[in-house]
$ cat target-v1.cif   # mmCIF, C-alpha atoms
data_my_file
#
loop_
_atom_site.label_atom_id
_atom_site.label_comp_id
_atom_site.auth_asym_id
_atom_site.auth_seq_id
_atom_site.Cartn_x
_atom_site.Cartn_y
_atom_site.Cartn_z
CA MET F 3 -30.50 -1.57 -10.02
CA ARG F 4 -30.16 1.41 -12.39
CA GLU F 5 -30.07 3.77 -9.39
CA ILE F 6 -27.31 1.74 -7.70
CA LEU F 7 -25.22 1.66 -10.87
CA GLY F 8 -25.68 5.40 -11.32
CA ARG F 9 -24.45 6.07 -7.76
CA ARG F 10 -21.45 3.83 -8.36
CA ARG F 11 -20.48 5.74 -11.51
CA ARG F 12 -20.82 9.07 -9.71
CA LEU F 13 -18.56 7.89 -6.90
CA LEU F 14 -15.91 6.78 -9.37
CA SER F 15 -16.07 9.83 -11.60
CA ARG F 16 -15.77 12.59 -8.98
CA ARG F 17 -12.77 14.76 -9.67
CA GLY F 18 -10.42 16.11 -7.05
CA ASP F 19 -7.19 18.05 -6.79
CA GLY F 20 -4.66 15.23 -7.30
CA GLY F 21 -3.56 16.45 -10.70
CA PRO F 22 -0.04 16.14 -12.11
CA GLU F 23 1.60 14.93 -8.89
CA LEU F 24 -0.52 11.78 -8.68
CA ILE F 25 -0.35 10.90 -12.37
CA GLY F 26 3.39 11.58 -12.42
CA ALA F 27 3.95 9.24 -9.48
CA ALA F 28 1.68 6.57 -10.99
CA LEU F 29 3.63 6.70 -14.25
CA THR F 30 6.94 6.36 -12.40
CA TYR F 31 5.72 3.28 -10.56
CA ALA F 32 4.18 1.66 -13.62
CA ALA F 33 6.29 2.65 -16.62
CA GLN F 34 9.70 3.14 -14.99
CA TRP F 35 9.71 0.68 -12.08
CA GLN F 36 7.31 -1.84 -13.66
CA TRP F 37 5.09 -1.99 -10.59
CA PRO F 38 1.47 -2.82 -11.53
CA VAL F 39 -0.86 -0.09 -10.24
CA LEU F 40 -4.50 0.91 -10.51
CA PRO F 41 -6.70 3.70 -9.12
CA GLY F 42 -8.31 3.14 -5.74
CA VAL F 43 -11.73 4.29 -4.62
CA ALA F 44 -11.70 7.81 -3.20
CA ALA F 45 -12.99 8.85 0.19
CA ASP F 46 -16.66 9.85 0.32
CA PRO F 47 -16.87 13.67 -0.13
CA GLN F 48 -19.91 13.67 2.19
CA GLY F 49 -17.77 12.33 5.02
CA ARG F 50 -14.01 12.26 4.62
CA SER F 51 -13.60 9.52 7.22
CA ARG F 52 -15.86 7.23 5.17
CA CYS F 53 -15.03 5.27 2.06
CA GLY F 54 -16.57 5.98 -1.32
CA CYS F 55 -17.35 2.28 -1.83
CA PRO F 56 -20.78 0.83 -0.99
CA ASP F 57 -19.52 -1.00 2.14
CA PRO F 58 -20.46 1.06 5.23
CA GLU F 59 -18.08 -1.06 7.34
CA CYS F 60 -15.05 -0.63 5.05
CA THR F 61 -11.87 -1.17 7.09
CA VAL F 62 -9.50 0.64 4.69
CA PRO F 63 -11.58 3.63 3.56
CA GLY F 64 -10.26 5.28 0.43
CA ALA F 65 -7.26 2.96 0.23
CA HIS F 66 -8.37 -0.06 -1.79
CA PRO F 67 -9.40 -1.09 -5.32
CA PHE F 68 -13.09 -1.03 -6.21
CA ASP F 69 -13.74 -0.56 -9.89
CA PRO F 70 -11.62 -1.66 -11.63
CA GLY F 71 -10.72 -4.61 -9.43
CA LEU F 72 -7.22 -5.59 -8.36
CA LEU F 73 -6.67 -7.88 -11.36
CA ALA F 74 -6.77 -4.80 -13.63
CA ALA F 75 -3.47 -3.48 -12.20
CA THR F 76 -1.09 -2.65 -15.04
CA THR F 77 2.27 -1.18 -16.01
CA ASP F 78 0.86 0.23 -19.25
CA ALA F 79 1.51 3.99 -19.35
CA ARG F 80 -1.43 4.66 -21.67
CA MET F 81 -3.84 3.00 -19.28
CA VAL F 82 -2.36 4.88 -16.32
CA ARG F 83 -2.76 8.20 -18.15
CA TRP F 84 -6.37 7.36 -19.02
CA TRP F 85 -7.27 6.32 -15.47
CA TRP F 86 -5.81 9.39 -13.74
CA GLY F 87 -6.90 11.68 -16.54
CA ASN F 88 -10.47 10.74 -15.65
CA ARG F 89 -9.95 10.32 -11.90
CA PRO F 90 -7.12 12.71 -10.98
CA ALA F 91 -7.65 12.44 -7.20
CA ALA F 92 -7.76 8.63 -7.10
CA PRO F 93 -5.31 6.97 -4.67
CA ILE F 94 -2.51 4.96 -6.31
CA ILE F 95 -2.89 1.29 -5.41
CA LEU F 96 0.03 -1.11 -5.83
CA ALA F 97 -0.81 -4.75 -6.58
CA THR F 98 1.79 -6.45 -4.38
CA GLY F 99 3.66 -9.59 -5.39
CA GLY F 100 4.58 -10.95 -8.79
CA ARG F 101 6.66 -8.26 -10.50
CA ALA F 102 6.13 -5.79 -7.67
CA PRO F 103 7.43 -5.66 -4.10
CA CYS F 104 5.50 -7.16 -1.22
CA ALA F 105 5.31 -5.42 2.16
CA VAL F 106 5.35 -5.98 5.91
CA SER F 107 3.26 -3.42 7.80
CA LEU F 108 2.78 -2.51 11.45
CA PRO F 109 1.12 0.29 13.43
CA ALA F 110 2.76 3.70 13.06
CA VAL F 111 3.99 4.23 16.63
CA PRO F 112 5.73 0.87 17.07
CA ALA F 113 6.93 1.14 13.47
CA ALA F 114 8.84 4.32 14.29
CA LEU F 115 10.43 2.61 17.32
CA ALA F 116 11.23 -0.49 15.28
CA LEU F 117 12.87 1.52 12.48
CA ALA F 118 15.00 3.40 15.00
CA ALA F 119 16.11 0.07 16.47
CA LEU F 120 16.86 -1.31 13.00
CA ASP F 121 18.91 1.77 12.14
CA HIS F 122 20.87 1.36 15.38
CA SER F 123 21.60 -2.28 14.51
CA GLY F 124 22.82 -1.36 11.01
CA MET F 125 19.98 -3.16 9.21
CA ARG F 126 19.63 -1.92 5.61
CA LEU F 127 16.09 -1.06 4.61
CA GLY F 128 14.57 -0.06 1.32
CA PRO F 129 11.58 2.24 0.86
CA VAL F 130 9.09 2.57 3.71
CA VAL F 131 5.53 3.81 3.06
CA ALA F 132 3.83 5.72 5.88
CA SER F 133 0.13 6.38 6.37
CA PRO F 134 -1.29 7.98 9.52
CA ASP F 135 -2.07 4.63 11.13
CA ARG F 136 0.44 2.13 9.66
CA TRP F 137 3.90 2.01 8.11
CA SER F 138 4.80 -0.55 5.44
CA ILE F 139 8.32 -1.83 4.76
CA LEU F 140 8.70 -2.91 1.13
CA VAL F 141 10.35 -6.30 0.62
CA ARG F 142 11.18 -8.61 -2.27
CA PRO F 143 8.28 -10.72 -3.59
CA TYR F 144 7.68 -13.89 -1.60
CA SER F 145 5.39 -16.89 -1.87
CA MET F 146 2.81 -17.84 0.74
CA GLU F 147 4.75 -21.07 1.33
CA GLN F 148 7.91 -19.08 2.03
CA LEU F 149 6.07 -16.79 4.42
CA GLY F 150 4.39 -19.73 6.15
CA GLU F 151 7.69 -21.47 6.77
CA LEU F 152 9.22 -18.26 8.05
CA LEU F 153 6.41 -17.59 10.54
CA TYR F 154 6.18 -21.24 11.62
CA ALA F 155 9.83 -21.13 12.68
CA LYS F 156 9.12 -18.19 15.02
CA ASP F 157 8.35 -18.72 18.70
CA PHE F 158 6.22 -15.58 18.61
CA VAL F 159 4.94 -13.23 15.92
CA PRO F 160 3.33 -9.93 17.00
CA GLY F 161 -0.36 -9.84 16.15
CA SER F 162 0.03 -6.26 14.92
CA LEU F 163 2.07 -7.35 11.87
CA ARG F 164 0.34 -7.60 8.51
CA PHE F 165 1.71 -9.07 5.31
CA HIS F 166 0.92 -7.75 1.82
CA GLY F 167 1.89 -10.54 -0.54
CA GLU F 168 0.64 -12.01 -3.81
CA GLY F 169 -2.95 -10.90 -4.34
CA GLY F 170 -2.60 -8.03 -1.86
CA TYR F 171 -2.45 -4.29 -2.28
CA LEU F 172 -0.99 -1.15 -0.76
CA ALA F 173 -1.65 2.58 -1.24
CA LEU F 174 1.42 4.46 -2.46
CA PRO F 175 2.48 8.13 -2.10
CA PRO F 176 1.21 10.75 -2.69
CA SER F 177 -2.26 9.24 -2.29
CA GLU F 178 -4.91 10.80 -0.06
CA THR F 179 -7.12 8.32 1.78
CA ALA F 180 -9.93 8.71 4.29
CA GLN F 181 -7.35 8.31 7.08
CA GLY F 182 -5.07 10.99 5.61
CA GLY F 183 -2.09 11.33 3.31
CA VAL F 184 0.30 8.55 2.30
CA ARG F 185 3.99 9.53 2.19
CA TRP F 186 7.48 8.07 2.04
CA GLU F 187 9.04 7.63 5.47
CA ARG F 188 12.08 6.25 3.62
CA ALA F 189 11.95 7.42 0.02
CA PRO F 190 13.48 5.51 -2.91
CA LEU F 191 16.74 6.98 -4.12
CA PRO F 192 16.11 9.64 -6.78
CA GLY F 193 16.61 8.37 -10.31
CA SER F 194 16.45 4.70 -9.31
CA ALA F 195 15.74 2.41 -12.22
CA SER F 196 13.91 0.25 -9.68
CA PRO F 197 14.25 0.65 -5.91
CA TRP F 198 16.25 -1.93 -3.97
CA VAL F 199 14.23 -3.84 -1.37
CA PRO F 200 15.40 -6.40 1.23
CA GLY F 201 14.21 -9.97 1.60
CA VAL F 202 11.22 -10.67 3.81
CA GLU F 203 13.28 -12.94 6.09
CA ALA F 204 15.62 -10.18 7.19
CA VAL F 205 12.77 -7.72 7.75
CA VAL F 206 10.56 -10.10 9.76
CA ASP F 207 13.48 -11.23 11.92
CA ALA F 208 14.55 -7.66 12.60
CA VAL F 209 11.05 -6.25 13.14
CA VAL F 210 9.98 -9.03 15.52
CA GLU F 211 13.19 -8.57 17.50
CA ALA F 212 12.80 -4.79 17.56
CA LEU F 213 9.14 -4.92 18.59
CA THR F 214 9.89 -7.41 21.34
CA ARG F 215 12.89 -5.45 22.59
CA THR F 216 11.00 -2.14 22.64
CA GLY F 217 8.01 -3.67 24.41
CA VAL F 218 5.46 -2.94 21.65
CA SER F 219 4.87 -6.50 20.44
CA ALA F 220 1.30 -6.80 21.72
CA PRO F 221 -1.45 -7.24 19.11
CA GLU F 222 -3.15 -4.09 17.83
CA MET F 223 -6.42 -3.35 19.69
#

$ encode --input "target-v1.cif" --output "C-alpha coordinates"
Amino acid sequence: MREILGRRRRLLSRRGDGGPELIGAALTYAAQWQWPVLPGVAADPQGRSRCGCPDPECTVPGAHPFDPGLLAATTDARMVRWWWGNRPAAPIILATGGRAPCAVSLPAVPAALALAALDHSGMRLGPVVASPDRWSILVRPYSMEQLGELLYAKDFVPGSLRFHGEGGYLALPPSETAQGGVRWERAPLPGSASPWVPGVEAVVDAVVEALTRTGVSAPEM
(Lines of atoms letter the chains of each structure in order from A and count residues from 1; the text may use other names and numbers.)
(Lines give C-alpha, C1' and ligand atoms only; values in the text may rest on other atoms or scores of the structure.)
Protein backbone atom coordinates (compact mmCIF):
# COMPACT_ATOMS: atom_id res chain seq x y z
CA MET A 1 0.00 0.00 0.00
CA ARG A 2 2.82 2.41 0.91
CA GLU A 3 4.49 1.71 -2.44
CA ILE A 4 1.26 2.42 -4.36
CA LEU A 5 0.70 5.68 -2.49
CA GLY A 6 4.29 6.72 -3.14
CA ARG A 7 3.89 6.11 -6.89
CA ARG A 8 0.68 8.11 -6.88
CA ARG A 9 2.37 11.10 -5.22
CA ARG A 10 5.26 10.96 -7.69
CA LEU A 11 2.85 10.97 -10.64
CA LEU A 12 1.04 14.00 -9.26
CA SER A 13 4.12 15.96 -8.28
CA ARG A 14 6.11 15.75 -11.54
CA ARG A 15 6.83 19.18 -12.88
CA GLY A 16 6.68 20.16 -16.53
CA ASP A 17 6.97 23.24 -18.71
CA GLY A 18 3.43 24.63 -18.40
CA GLY A 19 4.49 27.63 -16.35
CA PRO A 20 2.87 31.07 -16.50
CA GLU A 21 0.65 30.36 -19.52
CA LEU A 22 -1.27 27.57 -17.80
CA ILE A 23 -1.63 29.30 -14.44
CA GLY A 24 -2.65 32.54 -16.16
CA ALA A 25 -5.36 30.76 -18.13
CA ALA A 26 -6.56 28.87 -15.05
CA LEU A 27 -6.86 32.13 -13.11
CA THR A 28 -8.84 33.73 -15.94
CA TYR A 29 -11.30 30.85 -16.00
CA ALA A 30 -11.68 30.65 -12.23
CA ALA A 31 -11.32 34.18 -10.87
CA GLN A 32 -12.57 36.24 -13.82
CA TRP A 33 -15.14 34.00 -15.50
CA GLN A 34 -16.15 32.08 -12.35
CA TRP A 35 -15.72 28.70 -14.01
CA PRO A 36 -14.77 26.01 -11.45
CA VAL A 37 -11.49 24.35 -12.47
CA LEU A 38 -8.99 21.88 -11.07
CA PRO A 39 -5.73 20.29 -12.26
CA GLY A 40 -5.97 17.11 -14.29
CA VAL A 41 -3.61 14.16 -14.22
CA ALA A 42 -0.67 14.57 -16.58
CA ALA A 43 0.36 12.14 -19.28
CA ASP A 44 2.83 9.45 -18.21
CA PRO A 45 6.38 10.71 -18.97
CA GLN A 46 7.40 7.10 -19.70
CA GLY A 47 4.90 6.95 -22.56
CA ARG A 48 3.26 10.15 -23.74
CA SER A 49 0.30 8.29 -25.23
CA ARG A 50 -0.49 6.80 -21.81
CA CYS A 51 -2.19 8.43 -18.86
CA GLY A 52 -0.44 9.13 -15.58
CA CYS A 53 -3.34 7.60 -13.63
CA PRO A 54 -3.25 3.96 -12.46
CA ASP A 55 -5.84 2.81 -15.05
CA PRO A 56 -4.00 1.14 -17.96
CA GLU A 57 -7.20 1.31 -20.05
CA CYS A 58 -7.83 5.04 -19.48
CA THR A 59 -9.96 6.38 -22.35
CA VAL A 60 -9.06 10.07 -21.88
CA PRO A 61 -5.34 9.92 -21.02
CA GLY A 62 -4.03 13.09 -19.44
CA ALA A 63 -7.37 14.86 -19.75
CA HIS A 64 -9.32 14.05 -16.59
CA PRO A 65 -9.33 14.69 -12.83
CA PHE A 66 -7.57 12.20 -10.58
CA ASP A 67 -6.38 13.69 -7.32
CA PRO A 68 -8.05 15.93 -6.36
CA GLY A 69 -11.36 14.60 -7.64
CA LEU A 70 -13.89 16.56 -9.67
CA LEU A 71 -15.77 17.80 -6.59
CA ALA A 72 -12.69 19.84 -5.63
CA ALA A 73 -13.13 22.18 -8.63
CA THR A 74 -13.05 25.79 -7.46
CA THR A 75 -13.07 29.44 -8.49
CA ASP A 76 -10.77 30.40 -5.61
CA ALA A 77 -7.69 32.16 -7.01
CA ARG A 78 -5.51 31.19 -4.05
CA MET A 79 -6.26 27.52 -4.56
CA VAL A 80 -5.62 27.80 -8.30
CA ARG A 81 -2.24 29.45 -7.65
CA TRP A 82 -1.31 26.73 -5.15
CA TRP A 83 -2.31 23.88 -7.47
CA TRP A 84 -0.44 25.14 -10.54
CA GLY A 85 2.44 26.41 -8.45
CA ASN A 86 3.04 22.79 -7.44
CA ARG A 87 1.95 21.18 -10.71
CA PRO A 88 2.73 23.73 -13.43
CA ALA A 89 2.22 21.31 -16.34
CA ALA A 90 -1.14 19.97 -15.15
CA PRO A 91 -4.00 20.18 -17.68
CA ILE A 92 -6.79 22.62 -16.79
CA ILE A 93 -10.01 20.70 -16.20
CA LEU A 94 -13.36 22.50 -16.26
CA ALA A 95 -16.15 21.06 -14.10
CA THR A 96 -19.09 21.49 -16.49
CA GLY A 97 -22.56 22.52 -15.38
CA GLY A 98 -23.72 24.55 -12.42
CA ARG A 99 -22.01 27.94 -12.69
CA ALA A 100 -19.95 26.85 -15.68
CA PRO A 101 -20.85 26.12 -19.30
CA CYS A 102 -21.74 22.65 -20.47
CA ALA A 103 -20.55 21.32 -23.84
CA VAL A 104 -21.56 19.27 -26.86
CA SER A 105 -18.61 17.45 -28.45
CA LEU A 106 -18.08 15.49 -31.66
CA PRO A 107 -15.12 14.04 -33.57
CA ALA A 108 -12.74 16.62 -35.04
CA VAL A 109 -13.27 15.96 -38.76
CA PRO A 110 -17.08 16.07 -38.75
CA ALA A 111 -16.89 18.95 -36.27
CA ALA A 112 -14.98 21.07 -38.79
CA LEU A 113 -17.59 20.27 -41.46
CA ALA A 114 -20.44 20.97 -39.04
CA LEU A 115 -18.99 24.34 -37.99
CA ALA A 116 -18.57 25.35 -41.63
CA ALA A 117 -22.21 24.46 -42.25
CA LEU A 118 -23.31 26.38 -39.15
CA ASP A 119 -21.34 29.43 -40.26
CA HIS A 120 -22.98 29.23 -43.69
CA SER A 121 -26.42 29.11 -42.08
CA GLY A 122 -25.68 32.15 -39.89
CA MET A 123 -25.81 30.23 -36.61
CA ARG A 124 -24.09 32.16 -33.80
CA LEU A 125 -21.65 30.10 -31.77
CA GLY A 126 -19.67 30.87 -28.67
CA PRO A 127 -16.27 29.42 -27.79
CA VAL A 128 -15.26 26.08 -29.31
CA VAL A 129 -12.53 23.95 -27.69
CA ALA A 130 -10.46 21.76 -30.02
CA SER A 131 -8.33 18.75 -29.13
CA PRO A 132 -6.70 16.52 -31.75
CA ASP A 133 -9.57 14.02 -31.71
CA ARG A 134 -12.69 15.99 -30.67
CA TRP A 135 -14.09 19.52 -30.74
CA SER A 136 -16.42 20.79 -28.01
CA ILE A 137 -18.99 23.55 -28.46
CA LEU A 138 -19.64 25.35 -25.17
CA VAL A 139 -23.31 25.87 -24.31
CA ARG A 140 -25.35 27.28 -21.44
CA PRO A 141 -25.81 24.96 -18.44
CA TYR A 142 -28.63 22.47 -18.86
CA SER A 143 -30.28 19.82 -16.71
CA MET A 144 -30.35 16.13 -17.57
CA GLU A 145 -34.15 16.36 -17.81
CA GLN A 146 -33.84 19.17 -20.35
CA LEU A 147 -31.31 17.20 -22.38
CA GLY A 148 -33.43 14.05 -22.21
CA GLU A 149 -36.50 15.84 -23.53
CA LEU A 150 -34.46 17.42 -26.29
CA LEU A 151 -32.98 14.12 -27.47
CA TYR A 152 -36.27 12.23 -27.11
CA ALA A 153 -37.89 14.66 -29.55
CA LYS A 154 -35.28 13.83 -32.20
CA ASP A 155 -35.89 11.18 -34.85
CA PHE A 156 -32.16 10.50 -34.91
CA VAL A 157 -29.16 11.58 -32.86
CA PRO A 158 -25.66 10.78 -34.20
CA GLY A 159 -23.87 8.29 -31.98
CA SER A 160 -20.68 10.35 -32.26
CA LEU A 161 -22.14 13.18 -30.15
CA ARG A 162 -21.17 13.43 -26.50
CA PHE A 163 -22.65 15.69 -23.85
CA HIS A 164 -20.68 17.24 -20.99
CA GLY A 165 -23.27 18.34 -18.47
CA GLU A 166 -23.61 18.53 -14.69
CA GLY A 167 -21.00 16.27 -13.13
CA GLY A 168 -18.92 16.20 -16.31
CA TYR A 169 -15.59 17.71 -17.23
CA LEU A 170 -13.63 19.09 -20.15
CA ALA A 171 -9.95 19.99 -20.68
CA LEU A 172 -9.45 23.66 -21.52
CA PRO A 173 -6.68 25.48 -23.45
CA PRO A 174 -3.72 25.59 -23.28
CA SER A 175 -3.61 22.13 -21.70
CA GLU A 176 -1.36 19.37 -23.02
CA THR A 177 -2.86 15.88 -22.87
CA ALA A 178 -1.62 12.47 -23.97
CA GLN A 179 -3.46 13.01 -27.29
CA GLY A 180 -1.87 16.42 -27.84
CA GLY A 181 -2.56 20.08 -27.22
CA VAL A 182 -5.94 21.64 -26.44
CA ARG A 183 -6.65 24.96 -28.18
CA TRP A 184 -9.44 27.37 -29.01
CA GLU A 185 -10.97 26.75 -32.44
CA ARG A 186 -13.27 29.69 -31.66
CA ALA A 187 -11.70 31.78 -28.92
CA PRO A 188 -13.68 33.89 -26.44
CA LEU A 189 -13.62 37.58 -27.22
CA PRO A 190 -10.62 39.27 -25.56
CA GLY A 191 -11.51 41.06 -22.35
CA SER A 192 -14.85 39.27 -21.94
CA ALA A 193 -16.20 39.45 -18.42
CA SER A 194 -17.66 36.02 -19.13
CA PRO A 195 -17.95 34.50 -22.61
CA TRP A 196 -21.37 34.31 -24.25
CA VAL A 197 -22.54 30.77 -25.02
CA PRO A 198 -25.67 29.58 -26.87
CA GLY A 199 -28.39 27.31 -25.54
CA VAL A 200 -28.00 23.57 -25.97
CA GLU A 201 -31.22 23.35 -28.01
CA ALA A 202 -29.92 25.53 -30.81
CA VAL A 203 -26.57 23.74 -30.92
CA VAL A 204 -27.99 20.20 -30.94
CA ASP A 205 -30.54 21.09 -33.62
CA ALA A 206 -27.92 22.73 -35.80
CA VAL A 207 -25.22 20.09 -35.28
CA VAL A 208 -27.54 17.15 -35.96
CA GLU A 209 -28.78 18.86 -39.12
CA ALA A 210 -25.25 19.72 -40.24
CA LEU A 211 -23.91 16.21 -39.57
CA THR A 212 -26.82 14.64 -41.41
CA ARG A 213 -26.54 17.02 -44.34
CA THR A 214 -22.77 16.52 -44.68
CA GLY A 215 -23.07 12.75 -44.47
CA VAL A 216 -20.96 12.34 -41.31
CA SER A 217 -23.71 11.35 -38.88
CA ALA A 218 -22.61 7.74 -38.40
CA PRO A 219 -21.46 6.72 -34.91
CA GLU A 220 -17.75 7.00 -34.14
CA MET A 221 -15.92 3.67 -34.61

$ atom_distance --input "target-v1.cif" --atom1 "atom CA of F:Pro197" --atom2 "atom CA of F:Ala155"
29.0 Å

$ closest_residue --input "target-v1.cif" --among "F:Ala212, F:Ala105, F:Ala32, F:Leu174" --to "F:Trp186" --atoms "all atoms listed in the file"
F:Leu174

$ closest_residue --input "target-v1.cif" --among "F:Pro112, F:Gly182, F:Pro103, F:Gly87" --to "F:Phe165" --atoms "all atoms listed in the file"
F:Pro103

$ residues_around --input "target-v1.cif" --residues "F:Ser177" --least-positions-apart "2" --cutoff "10 Å" --atoms "all atoms listed in the file" --output "CSV table (one decimal) with C-alpha atoms, keeping the file's coordinate frame"
chain,number,residue,atom,x,y,z
F,20,GLY,CA,-4.7,15.2,-7.3
F,23,GLU,CA,1.6,14.9,-8.9
F,24,LEU,CA,-0.5,11.8,-8.7
F,27,ALA,CA,4.0,9.2,-9.5
F,28,ALA,CA,1.7,6.6,-11.0
F,41,PRO,CA,-6.7,3.7,-9.1
F,42,GLY,CA,-8.3,3.1,-5.7
F,44,ALA,CA,-11.7,7.8,-3.2
F,64,GLY,CA,-10.3,5.3,0.4
F,65,ALA,CA,-7.3,3.0,0.2
F,91,ALA,CA,-7.6,12.4,-7.2
F,92,ALA,CA,-7.8,8.6,-7.1
F,93,PRO,CA,-5.3,7.0,-4.7
F,94,ILE,CA,-2.5,5.0,-6.3
F,95,ILE,CA,-2.9,1.3,-5.4
F,133,SER,CA,0.1,6.4,6.4
F,173,ALA,CA,-1.6,2.6,-1.2
F,174,LEU,CA,1.4,4.5,-2.5
F,175,PRO,CA,2.5,8.1,-2.1
F,179,THR,CA,-7.1,8.3,1.8
F,182,GLY,CA,-5.1,11.0,5.6
F,183,GLY,CA,-2.1,11.3,3.3
F,184,VAL,CA,0.3,8.6,2.3
F,185,ARG,CA,4.0,9.5,2.2

$ closest_residue --input "target-v1.cif" --among "F:Leu108, F:Leu120, F:Cys55, F:Ala75" --to "F:Gly161" --atoms "only C-alpha atoms"
F:Leu108

$ residues_around --input "target-v1.cif" --residues "F:Ala113" --least-positions-apart "2" --cutoff "10 Å" --atoms "all atoms listed in the file" --output "PyMOL selection string"
chain F and resi 107-111+115-119+132+135-139+163+209+212-213+218

$ residues_near_point --input "target-v1.cif" --point "(-1.5, -1.4, -17.9)" --cutoff "9 Å" --atoms "only C-alpha atoms" --output "list in words"
Ala32, Ala33, Pro38, Val39, Leu40, Ala74, Ala75, Thr76, Thr77, Asp78, Ala79, Arg80, Met81 and Val82 of chain F

$ residues_near_point --input "target-v1.cif" --point "(-13.2, 0.3, -8.2)" --cutoff "8 Å" --atoms "only C-alpha atoms" --output "PyMOL selection string"
chain F and resi 14+41-43+55+67-71

$ atom_distance --input "target-v1.cif" --atom1 "atom CA of F:Ser162" --atom2 "atom CA of F:Arg126"
22.1 Å

$ atom_distance --input "target-v1.cif" --atom1 "atom CA of F:Trp37" --atom2 "atom CA of F:Gly201"
17.2 Å
